[in-house]
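Enquirer: My structure is in final13.tsv, and what it holds is TSV, N, CA and C atoms:
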```tsv
chain	number	residue	atom	x	y	z
J	1	MET	N	-16.59	-29.74	2.04
J	1	MET	CA	-15.32	-29.14	1.62
J	1	MET	C	-15.58	-28.26	0.40
J	2	PRO	N	-15.11	-27.01	0.44
J	2	PRO	CA	-15.27	-26.16	-0.74
J	2	PRO	C	-14.44	-26.68	-1.91
J	3	ALA	N	-14.86	-26.35	-3.10
J	3	ALA	CA	-14.11	-26.74	-4.29
J	3	ALA	C	-12.75	-26.06	-4.30
J	4	ARG	N	-11.79	-26.75	-4.85
J	4	ARG	CA	-10.43	-26.21	-4.97
J	4	ARG	C	-10.02	-26.33	-6.42
J	5	LEU	N	-9.48	-25.26	-6.97
J	5	LEU	CA	-9.01	-25.29	-8.35
J	5	LEU	C	-7.88	-26.30	-8.46
J	6	ASP	N	-7.97	-27.20	-9.41
J	6	ASP	CA	-6.96	-28.22	-9.63
J	6	ASP	C	-6.03	-27.83	-10.78
J	7	HIS	N	-6.60	-27.44	-11.91
J	7	HIS	CA	-5.81	-27.00	-13.05
J	7	HIS	C	-6.67	-26.14	-13.96
J	8	THR	N	-6.01	-25.41	-14.82
J	8	THR	CA	-6.71	-24.66	-15.85
J	8	THR	C	-5.86	-24.71	-17.11
J	9	ILE	N	-6.52	-24.62	-18.25
J	9	ILE	CA	-5.83	-24.64	-19.53
J	9	ILE	C	-5.62	-23.20	-20.00
J	10	VAL	N	-4.40	-22.91	-20.41
J	10	VAL	CA	-4.03	-21.60	-20.92
J	10	VAL	C	-3.62	-21.79	-22.38
J	11	HIS	N	-4.39	-21.21	-23.30
J	11	HIS	CA	-4.06	-21.34	-24.72
J	11	HIS	C	-2.89	-20.43	-25.08
J	12	SER	N	-2.08	-20.88	-26.01
J	12	SER	CA	-0.89	-20.12	-26.39
J	12	SER	C	-0.51	-20.44	-27.83
J	13	ARG	N	0.38	-19.63	-28.36
J	13	ARG	CA	0.92	-19.90	-29.70
J	13	ARG	C	2.02	-20.96	-29.61
J	14	ASP	N	2.77	-20.97	-28.51
J	14	ASP	CA	3.84	-21.94	-28.29
J	14	ASP	C	3.80	-22.32	-26.82
J	15	ARG	N	3.22	-23.49	-26.51
J	15	ARG	CA	2.94	-23.87	-25.12
J	15	ARG	C	4.19	-23.86	-24.25
J	16	PHE	N	5.31	-24.36	-24.76
J	16	PHE	CA	6.50	-24.41	-23.91
J	16	PHE	C	7.13	-23.03	-23.73
J	17	ALA	N	7.12	-22.21	-24.77
J	17	ALA	CA	7.66	-20.85	-24.63
J	17	ALA	C	6.86	-20.05	-23.61
J	18	SER	N	5.54	-20.17	-23.66
J	18	SER	CA	4.68	-19.42	-22.74
J	18	SER	C	4.81	-19.92	-21.31
J	19	ALA	N	4.80	-21.23	-21.14
J	19	ALA	CA	4.95	-21.80	-19.79
J	19	ALA	C	6.33	-21.48	-19.22
J	20	ARG	N	7.33	-21.53	-20.06
J	20	ARG	CA	8.70	-21.23	-19.62
J	20	ARG	C	8.84	-19.76	-19.20
J	21	PHE	N	8.17	-18.86	-19.93
J	21	PHE	CA	8.20	-17.44	-19.60
J	21	PHE	C	7.77	-17.23	-18.16
J	22	LEU	N	6.62	-17.81	-17.79
J	22	LEU	CA	6.12	-17.65	-16.43
J	22	LEU	C	7.01	-18.39	-15.43
J	23	ALA	N	7.42	-19.60	-15.76
J	23	ALA	CA	8.27	-20.38	-14.86
J	23	ALA	C	9.54	-19.62	-14.51
J	24	GLU	N	10.15	-19.00	-15.50
J	24	GLU	CA	11.39	-18.25	-15.25
J	24	GLU	C	11.13	-17.03	-14.36
J	25	LEU	N	10.00	-16.35	-14.56
J	25	LEU	CA	9.70	-15.18	-13.74
J	25	LEU	C	9.49	-15.56	-12.28
J	26	ILE	N	8.83	-16.70	-12.04
J	26	ILE	CA	8.53	-17.07	-10.65
J	26	ILE	C	9.59	-18.00	-10.05
J	27	GLY	N	10.64	-18.29	-10.82
J	27	GLY	CA	11.73	-19.10	-10.29
J	27	GLY	C	11.40	-20.57	-10.15
J	28	GLU	N	10.56	-21.09	-11.04
J	28	GLU	CA	10.18	-22.50	-11.01
J	28	GLU	C	10.94	-23.28	-12.07
J	29	PRO	N	11.01	-24.60	-11.90
J	29	PRO	CA	11.70	-25.43	-12.90
J	29	PRO	C	11.00	-25.43	-14.25
J	30	GLU	N	11.69	-25.95	-15.22
J	30	GLU	CA	11.18	-26.10	-16.59
J	30	GLU	C	9.82	-26.80	-16.58
J	31	PRO	N	8.85	-26.30	-17.34
J	31	PRO	CA	7.56	-26.99	-17.45
J	31	PRO	C	7.75	-28.39	-18.02
J	32	LYS	N	6.87	-29.29	-17.63
J	32	LYS	CA	6.96	-30.69	-18.05
J	32	LYS	C	5.90	-30.99	-19.12
J	33	PRO	N	6.24	-31.84	-20.08
J	33	PRO	CA	5.22	-32.27	-21.02
J	33	PRO	C	4.22	-33.20	-20.32
J	34	PHE	N	2.94	-33.02	-20.65
J	34	PHE	CA	1.88	-33.88	-20.12
J	34	PHE	C	0.82	-33.97	-21.21
J	35	GLY	N	0.85	-35.03	-21.97
J	35	GLY	CA	-0.03	-35.14	-23.12
J	35	GLY	C	0.23	-33.97	-24.06
J	36	PRO	N	-0.81	-33.25	-24.48
J	36	PRO	CA	-0.61	-32.12	-25.39
J	36	PRO	C	-0.23	-30.81	-24.67
J	37	PHE	N	0.04	-30.89	-23.38
J	37	PHE	CA	0.26	-29.69	-22.57
J	37	PHE	C	1.71	-29.50	-22.17
J	38	ALA	N	2.06	-28.25	-21.89
J	38	ALA	CA	3.26	-27.89	-21.13
J	38	ALA	C	2.73	-27.55	-19.74
J	39	SER	N	3.03	-28.39	-18.78
J	39	SER	CA	2.40	-28.31	-17.46
J	39	SER	C	3.32	-27.59	-16.48
J	40	LEU	N	2.78	-26.57	-15.82
J	40	LEU	CA	3.53	-25.78	-14.84
J	40	LEU	C	2.82	-25.88	-13.50
J	41	PRO	N	3.36	-26.70	-12.57
J	41	PRO	CA	2.74	-26.80	-11.25
J	41	PRO	C	3.00	-25.56	-10.41
J	42	LEU	N	1.97	-25.17	-9.66
J	42	LEU	CA	2.06	-24.04	-8.74
J	42	LEU	C	1.77	-24.55	-7.33
J	43	ALA	N	1.92	-23.68	-6.36
J	43	ALA	CA	1.64	-24.04	-4.97
J	43	ALA	C	0.17	-24.43	-4.82
J	44	GLY	N	-0.11	-25.24	-3.81
J	44	GLY	CA	-1.47	-25.62	-3.51
J	44	GLY	C	-2.04	-26.68	-4.43
J	45	GLY	N	-1.18	-27.29	-5.24
J	45	GLY	CA	-1.63	-28.36	-6.12
J	45	GLY	C	-2.27	-27.90	-7.42
J	46	VAL	N	-2.27	-26.62	-7.69
J	46	VAL	CA	-2.84	-26.09	-8.94
J	46	VAL	C	-1.80	-26.20	-10.05
J	47	THR	N	-2.27	-26.58	-11.22
J	47	THR	CA	-1.38	-26.67	-12.38
J	47	THR	C	-1.92	-25.80	-13.51
J	48	LEU	N	-1.02	-25.05	-14.15
J	48	LEU	CA	-1.36	-24.35	-15.38
J	48	LEU	C	-0.92	-25.25	-16.52
J	49	ASP	N	-1.87	-25.65	-17.36
J	49	ASP	CA	-1.59	-26.52	-18.49
J	49	ASP	C	-1.68	-25.69	-19.76
J	50	TYR	N	-0.53	-25.36	-20.32
J	50	TYR	CA	-0.47	-24.57	-21.54
J	50	TYR	C	-0.71	-25.48	-22.74
J	51	LEU	N	-1.56	-25.03	-23.65
J	51	LEU	CA	-1.95	-25.81	-24.82
J	51	LEU	C	-1.83	-24.94	-26.06
J	52	ASP	N	-1.21	-25.48	-27.11
J	52	ASP	CA	-1.12	-24.74	-28.36
J	52	ASP	C	-2.51	-24.54	-28.93
J	53	ALA	N	-2.84	-23.29	-29.24
J	53	ALA	CA	-4.13	-22.97	-29.83
J	53	ALA	C	-4.11	-23.32	-31.32
J	54	ASP	N	-5.30	-23.55	-31.86
J	54	ASP	CA	-5.40	-23.87	-33.28
J	54	ASP	C	-5.05	-22.68	-34.17
J	55	ASP	N	-5.28	-21.47	-33.65
J	55	ASP	CA	-4.93	-20.25	-34.37
J	55	ASP	C	-4.69	-19.15	-33.35
J	56	ASP	N	-4.40	-17.94	-33.81
J	56	ASP	CA	-4.11	-16.84	-32.88
J	56	ASP	C	-5.37	-16.20	-32.30
J	57	ASP	N	-6.53	-16.70	-32.67
J	57	ASP	CA	-7.79	-16.13	-32.22
J	57	ASP	C	-8.28	-16.87	-30.98
J	58	PHE	N	-7.58	-16.67	-29.85
J	58	PHE	CA	-7.99	-17.29	-28.59
J	58	PHE	C	-8.17	-16.21	-27.54
J	59	THR	N	-8.97	-16.50	-26.55
J	59	THR	CA	-9.27	-15.53	-25.49
J	59	THR	C	-8.07	-15.37	-24.57
J	60	ARG	N	-7.68	-14.13	-24.38
J	60	ARG	CA	-6.60	-13.83	-23.44
J	60	ARG	C	-7.18	-13.86	-22.03
J	61	GLN	N	-6.42	-14.38	-21.08
J	61	GLN	CA	-6.89	-14.54	-19.72
J	61	GLN	C	-6.14	-13.63	-18.75
J	62	HIS	N	-6.71	-13.50	-17.58
J	62	HIS	CA	-6.06	-12.83	-16.47
J	62	HIS	C	-5.72	-13.90	-15.44
J	63	LEU	N	-4.45	-13.98	-15.07
J	63	LEU	CA	-4.01	-14.93	-14.05
J	63	LEU	C	-3.37	-14.13	-12.92
J	64	ALA	N	-3.89	-14.27	-11.71
J	64	ALA	CA	-3.36	-13.56	-10.54
J	64	ALA	C	-2.65	-14.56	-9.65
J	65	LEU	N	-1.39	-14.28	-9.35
J	65	LEU	CA	-0.57	-15.17	-8.53
J	65	LEU	C	-0.18	-14.48	-7.23
J	66	LEU	N	-0.60	-15.06	-6.11
J	66	LEU	CA	-0.26	-14.54	-4.79
J	66	LEU	C	1.14	-15.01	-4.43
J	67	VAL	N	2.02	-14.06	-4.11
J	67	VAL	CA	3.41	-14.37	-3.79
J	67	VAL	C	3.80	-13.66	-2.50
J	68	SER	N	4.88	-14.12	-1.89
J	68	SER	CA	5.38	-13.46	-0.68
J	68	SER	C	6.07	-12.15	-1.06
J	69	GLU	N	6.36	-11.35	-0.05
J	69	GLU	CA	7.07	-10.08	-0.29
J	69	GLU	C	8.43	-10.32	-0.94
J	70	SER	N	9.17	-11.30	-0.45
J	70	SER	CA	10.50	-11.57	-1.02
J	70	SER	C	10.38	-12.12	-2.45
J	71	GLU	N	9.37	-12.97	-2.69
J	71	GLU	CA	9.15	-13.46	-4.05
J	71	GLU	C	8.78	-12.32	-4.99
J	72	PHE	N	7.98	-11.38	-4.50
J	72	PHE	CA	7.61	-10.22	-5.31
J	72	PHE	C	8.86	-9.45	-5.72
J	73	ASP	N	9.75	-9.22	-4.75
J	73	ASP	CA	11.00	-8.50	-5.06
J	73	ASP	C	11.79	-9.23	-6.14
J	74	GLU	N	11.88	-10.55	-6.02
J	74	GLU	CA	12.63	-11.34	-7.01
J	74	GLU	C	11.96	-11.28	-8.38
J	75	ILE	N	10.65	-11.41	-8.41
J	75	ILE	CA	9.91	-11.37	-9.69
J	75	ILE	C	10.03	-9.99	-10.33
J	76	LEU	N	9.83	-8.94	-9.55
J	76	LEU	CA	9.96	-7.58	-10.09
J	76	LEU	C	11.38	-7.35	-10.59
J	77	GLY	N	12.36	-7.88	-9.89
J	77	GLY	CA	13.75	-7.79	-10.34
J	77	GLY	C	13.95	-8.47	-11.68
J	78	ARG	N	13.34	-9.63	-11.88
J	78	ARG	CA	13.46	-10.34	-13.15
J	78	ARG	C	12.74	-9.58	-14.27
J	79	ILE	N	11.60	-9.00	-13.93
J	79	ILE	CA	10.85	-8.21	-14.92
J	79	ILE	C	11.68	-7.01	-15.38
J	80	THR	N	12.24	-6.28	-14.43
J	80	THR	CA	13.01	-5.08	-14.79
J	80	THR	C	14.33	-5.45	-15.47
J	81	ALA	N	14.96	-6.55	-15.04
J	81	ALA	CA	16.21	-6.98	-15.68
J	81	ALA	C	15.99	-7.33	-17.15
J	82	ARG	N	14.82	-7.83	-17.47
J	82	ARG	CA	14.50	-8.18	-18.86
J	82	ARG	C	13.99	-6.98	-19.66
J	83	GLY	N	13.77	-5.87	-18.98
J	83	GLY	CA	13.25	-4.69	-19.65
J	83	GLY	C	11.80	-4.85	-20.09
J	84	LEU	N	11.04	-5.69	-19.36
J	84	LEU	CA	9.64	-5.91	-19.71
J	84	LEU	C	8.78	-4.75	-19.23
J	85	PRO	N	7.81	-4.35	-20.02
J	85	PRO	CA	6.87	-3.34	-19.54
J	85	PRO	C	5.99	-3.93	-18.44
J	86	TYR	N	5.64	-3.12	-17.47
J	86	TYR	CA	4.75	-3.55	-16.41
J	86	TYR	C	3.88	-2.38	-15.99
J	87	TRP	N	2.80	-2.70	-15.28
J	87	TRP	CA	1.81	-1.70	-14.91
J	87	TRP	C	1.31	-1.93	-13.50
J	88	ALA	N	0.77	-0.89	-12.90
J	88	ALA	CA	0.19	-0.98	-11.56
J	88	ALA	C	-1.28	-1.37	-11.62
J	89	ASP	N	-1.84	-1.47	-12.82
J	89	ASP	CA	-3.28	-1.70	-12.96
J	89	ASP	C	-3.57	-2.63	-14.13
J	90	PRO	N	-4.71	-3.30	-14.08
J	90	PRO	CA	-5.03	-4.27	-15.13
J	90	PRO	C	-5.34	-3.67	-16.50
J	91	ARG	N	-5.67	-2.39	-16.53
J	91	ARG	CA	-5.97	-1.74	-17.81
J	91	ARG	C	-4.75	-1.06	-18.43
J	92	HIS	N	-3.62	-1.22	-17.79
J	92	HIS	CA	-2.35	-0.72	-18.32
J	92	HIS	C	-2.35	0.80	-18.49
J	93	GLN	N	-2.86	1.49	-17.46
J	93	GLN	CA	-2.90	2.95	-17.48
J	93	GLN	C	-1.76	3.57	-16.67
J	94	GLU	N	-1.10	2.76	-15.83
J	94	GLU	CA	-0.04	3.27	-14.96
J	94	GLU	C	1.26	2.50	-15.23
J	95	PRO	N	1.96	2.87	-16.32
J	95	PRO	CA	3.15	2.11	-16.73
J	95	PRO	C	4.33	2.27	-15.77
J	96	GLN	N	5.10	1.21	-15.68
J	96	GLN	CA	6.33	1.15	-14.89
J	96	GLN	C	6.10	1.56	-13.44
J	97	GLN	N	4.94	1.16	-12.91
J	97	GLN	CA	4.60	1.40	-11.52
J	97	GLN	C	4.02	0.13	-10.92
J	98	ILE	N	4.05	0.05	-9.60
J	98	ILE	CA	3.37	-1.04	-8.89
J	98	ILE	C	2.26	-0.41	-8.05
J	99	ASN	N	1.33	-1.25	-7.57
J	99	ASN	CA	0.28	-0.73	-6.70
J	99	ASN	C	0.53	-1.19	-5.27
J	100	HIS	N	-0.24	-0.63	-4.36
J	100	HIS	CA	-0.12	-0.96	-2.92
J	100	HIS	C	-1.50	-1.23	-2.33
J	101	HIS	N	-2.31	-2.00	-3.05
J	101	HIS	CA	-3.67	-2.30	-2.60
J	101	HIS	C	-3.67	-3.19	-1.37
J	102	PHE	N	-4.56	-2.87	-0.43
J	102	PHE	CA	-4.80	-3.67	0.77
J	102	PHE	C	-3.52	-3.91	1.58
J	103	GLY	N	-2.62	-2.94	1.53
J	103	GLY	CA	-1.39	-3.04	2.32
J	103	GLY	C	-0.33	-3.94	1.71
J	104	GLY	N	-0.55	-4.39	0.50
J	104	GLY	CA	0.43	-5.23	-0.19
J	104	GLY	C	0.99	-4.51	-1.40
J	105	ARG	N	1.57	-5.29	-2.29
J	105	ARG	CA	2.09	-4.74	-3.54
J	105	ARG	C	1.58	-5.61	-4.69
J	106	GLY	N	1.42	-4.98	-5.85
J	106	GLY	CA	0.97	-5.71	-7.02
J	106	GLY	C	1.54	-5.12	-8.29
J	107	VAL	N	1.65	-5.98	-9.30
J	107	VAL	CA	2.15	-5.56	-10.59
J	107	VAL	C	1.53	-6.45	-11.66
J	108	TYR	N	1.34	-5.88	-12.85
J	108	TYR	CA	0.76	-6.59	-13.98
J	108	TYR	C	1.76	-6.60	-15.14
J	109	ILE	N	1.83	-7.73	-15.81
J	109	ILE	CA	2.62	-7.83	-17.04
J	109	ILE	C	1.80	-8.61	-18.06
J	110	ASP	N	2.18	-8.50	-19.32
J	110	ASP	CA	1.61	-9.32	-20.37
J	110	ASP	C	2.61	-10.40	-20.73
J	111	ASP	N	2.13	-11.63	-20.87
J	111	ASP	CA	3.03	-12.69	-21.32
J	111	ASP	C	3.12	-12.64	-22.85
J	112	PRO	N	3.92	-13.48	-23.47
J	112	PRO	CA	4.11	-13.40	-24.92
J	112	PRO	C	2.82	-13.58	-25.73
J	113	ASP	N	1.78	-14.18	-25.14
J	113	ASP	CA	0.52	-14.38	-25.84
J	113	ASP	C	-0.53	-13.34	-25.48
J	114	GLY	N	-0.17	-12.36	-24.66
J	114	GLY	CA	-1.11	-11.31	-24.30
J	114	GLY	C	-1.96	-11.61	-23.08
J	115	HIS	N	-1.65	-12.71	-22.38
J	115	HIS	CA	-2.36	-12.97	-21.12
J	115	HIS	C	-1.86	-11.96	-20.09
J	116	ASN	N	-2.78	-11.42	-19.31
J	116	ASN	CA	-2.48	-10.41	-18.30
J	116	ASN	C	-2.16	-11.14	-17.00
J	117	ILE	N	-0.91	-11.10	-16.58
J	117	ILE	CA	-0.48	-11.80	-15.38
J	117	ILE	C	-0.24	-10.79	-14.27
J	118	GLU	N	-0.86	-11.05	-13.14
J	118	GLU	CA	-0.75	-10.18	-11.97
J	118	GLU	C	0.00	-10.92	-10.87
J	119	PHE	N	0.94	-10.24	-10.26
J	119	PHE	CA	1.62	-10.75	-9.07
J	119	PHE	C	1.23	-9.84	-7.92
J	120	LEU	N	0.73	-10.41	-6.83
J	120	LEU	CA	0.31	-9.60	-5.69
J	120	LEU	C	0.76	-10.25	-4.40
J	121	THR	N	1.00	-9.40	-3.40
J	121	THR	CA	1.50	-9.91	-2.11
J	121	THR	C	0.42	-10.00	-1.04
J	122	HIS	N	-0.75	-9.48	-1.32
J	122	HIS	CA	-1.85	-9.52	-0.37
J	122	HIS	C	-3.13	-9.74	-1.15
J	123	THR	N	-3.88	-10.75	-0.79
J	123	THR	CA	-5.11	-11.01	-1.51
J	123	THR	C	-6.09	-9.86	-1.31
J	124	TYR	N	-6.93	-9.63	-2.29
J	124	TYR	CA	-7.90	-8.56	-2.20
J	124	TYR	C	-9.00	-8.94	-1.22
J	125	VAL	N	-9.37	-8.01	-0.39
J	125	VAL	CA	-10.39	-8.23	0.63
J	125	VAL	C	-11.68	-7.60	0.12
J	126	ILE	N	-12.70	-8.42	-0.01
J	126	ILE	CA	-14.00	-7.93	-0.48
J	126	ILE	C	-14.99	-8.07	0.67
J	127	ASP	N	-15.53	-6.95	1.11
J	127	ASP	CA	-16.51	-6.98	2.22
J	127	ASP	C	-17.91	-7.14	1.69
```
Can the structure in the file be given as structure tokens, please?

Expert:
Amino acid sequence: MPARLDHTIVHSRDRFASARFLAELIGEPEPKPFGPFASLPLAGGVTLDYLDADDDDFTRQHLALLVSESEFDEILGRITARGLPYWADPRHQEPQQINHHFGGRGVYIDDPDGHNIEFLTHTYVID
């Protein structure tokens, strides 16, 4: 059996604010406390465990979330309703646009801690 990602730790300045930001965008319930973490379960049994960093000098991560077409519409609607900046690319060169890679759609946003979050409707195909 191939390995399956179970959880990952995401450092933040405020674990519940950061976890709540993502939970609200994807339409999930309030993150739950789990030890020192704000835990946000995702599909497939993967959990994002947000942890308060000791200082602001932590590595920003890229998190890519595969969503359905209808979920993408809902998420993009929440992004635009909040007036959040978004980009079609990970380097933030194409503002207020989405991409159409591999016949799907994708968009990038920054969370309050500067983590680059990508929502995509079709996984990237690498030959």

Enquirer: For a quick check of understanding, using only N, CA and C atoms, which of J:Leu120, J:Pro41, J:Asp57, J:Leu63 has the smallest distance to Glu28 in chain J?

Expert: J:Pro41

Enquirer: Write out as a PyMOL selection string each polymer residue whose atoms come within 6.5 Å of Gly45 in chain J, counting only N, CA and C atoms; drop sequence neighbours fewer than 6 positions from it.

Expert: chain J and resi 5-7

Enquirer: Might you pull out every residue within 8 Å of Leu48 in chain J, with all atoms listed in the file counted and same-chain residues fewer than 5 positions away left off, and present them as a PyMOL selection string?

Expert: chain J and resi 6-10+19+37-42

Enquirer: Restricting the calculation to only C-alpha atoms: of J:Asn116, J:Gly44, J:His11, J:Leu76, which residue gets closest to Asp89 in chain J?

Expert: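 Checking each candidate against Asp89 in chain J, we get J:Asn116 as the closest.
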
Enquirer: Give me, please, the distance in Å between CA of Arg4 in chain J and atom C of Phe16 in chain J, quoted to one decimal.

Expert: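 Going from CA of Arg4 in chain J over to atom C of Phe16 in chain J, I get 25.9 Å.
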
Enquirer: Grab the atom C of Pro112 in chain J to atom C of Glu30 in chain J distance for me, in Å with one decimal place.

Expert: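 Atom C of Glu30 in chain J lies at a distance of 17.5 Å from atom C of Pro112 in chain J.
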
Enquirer: Which value, in Å to one decimal, gives the distance between atom N of Tyr50 in chain J and atom C of Ser12 in chain J?

Expert: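 Atom-to-atom, atom N of Tyr50 in chain J and atom C of Ser12 in chain J are spaced 9.0 Å apart.
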
Enquirer: Can you tell me, as a list of chain:residue names, what residues are no more than 6.5 Å from Pro85 in chain J when counting only N, CA and C atoms, ignoring any on the same chain fewer than 5 positions away?

Expert: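 In the requested form, the answer reads J:Gln96, J:Tyr108, J:Ile109, J:Asp110.
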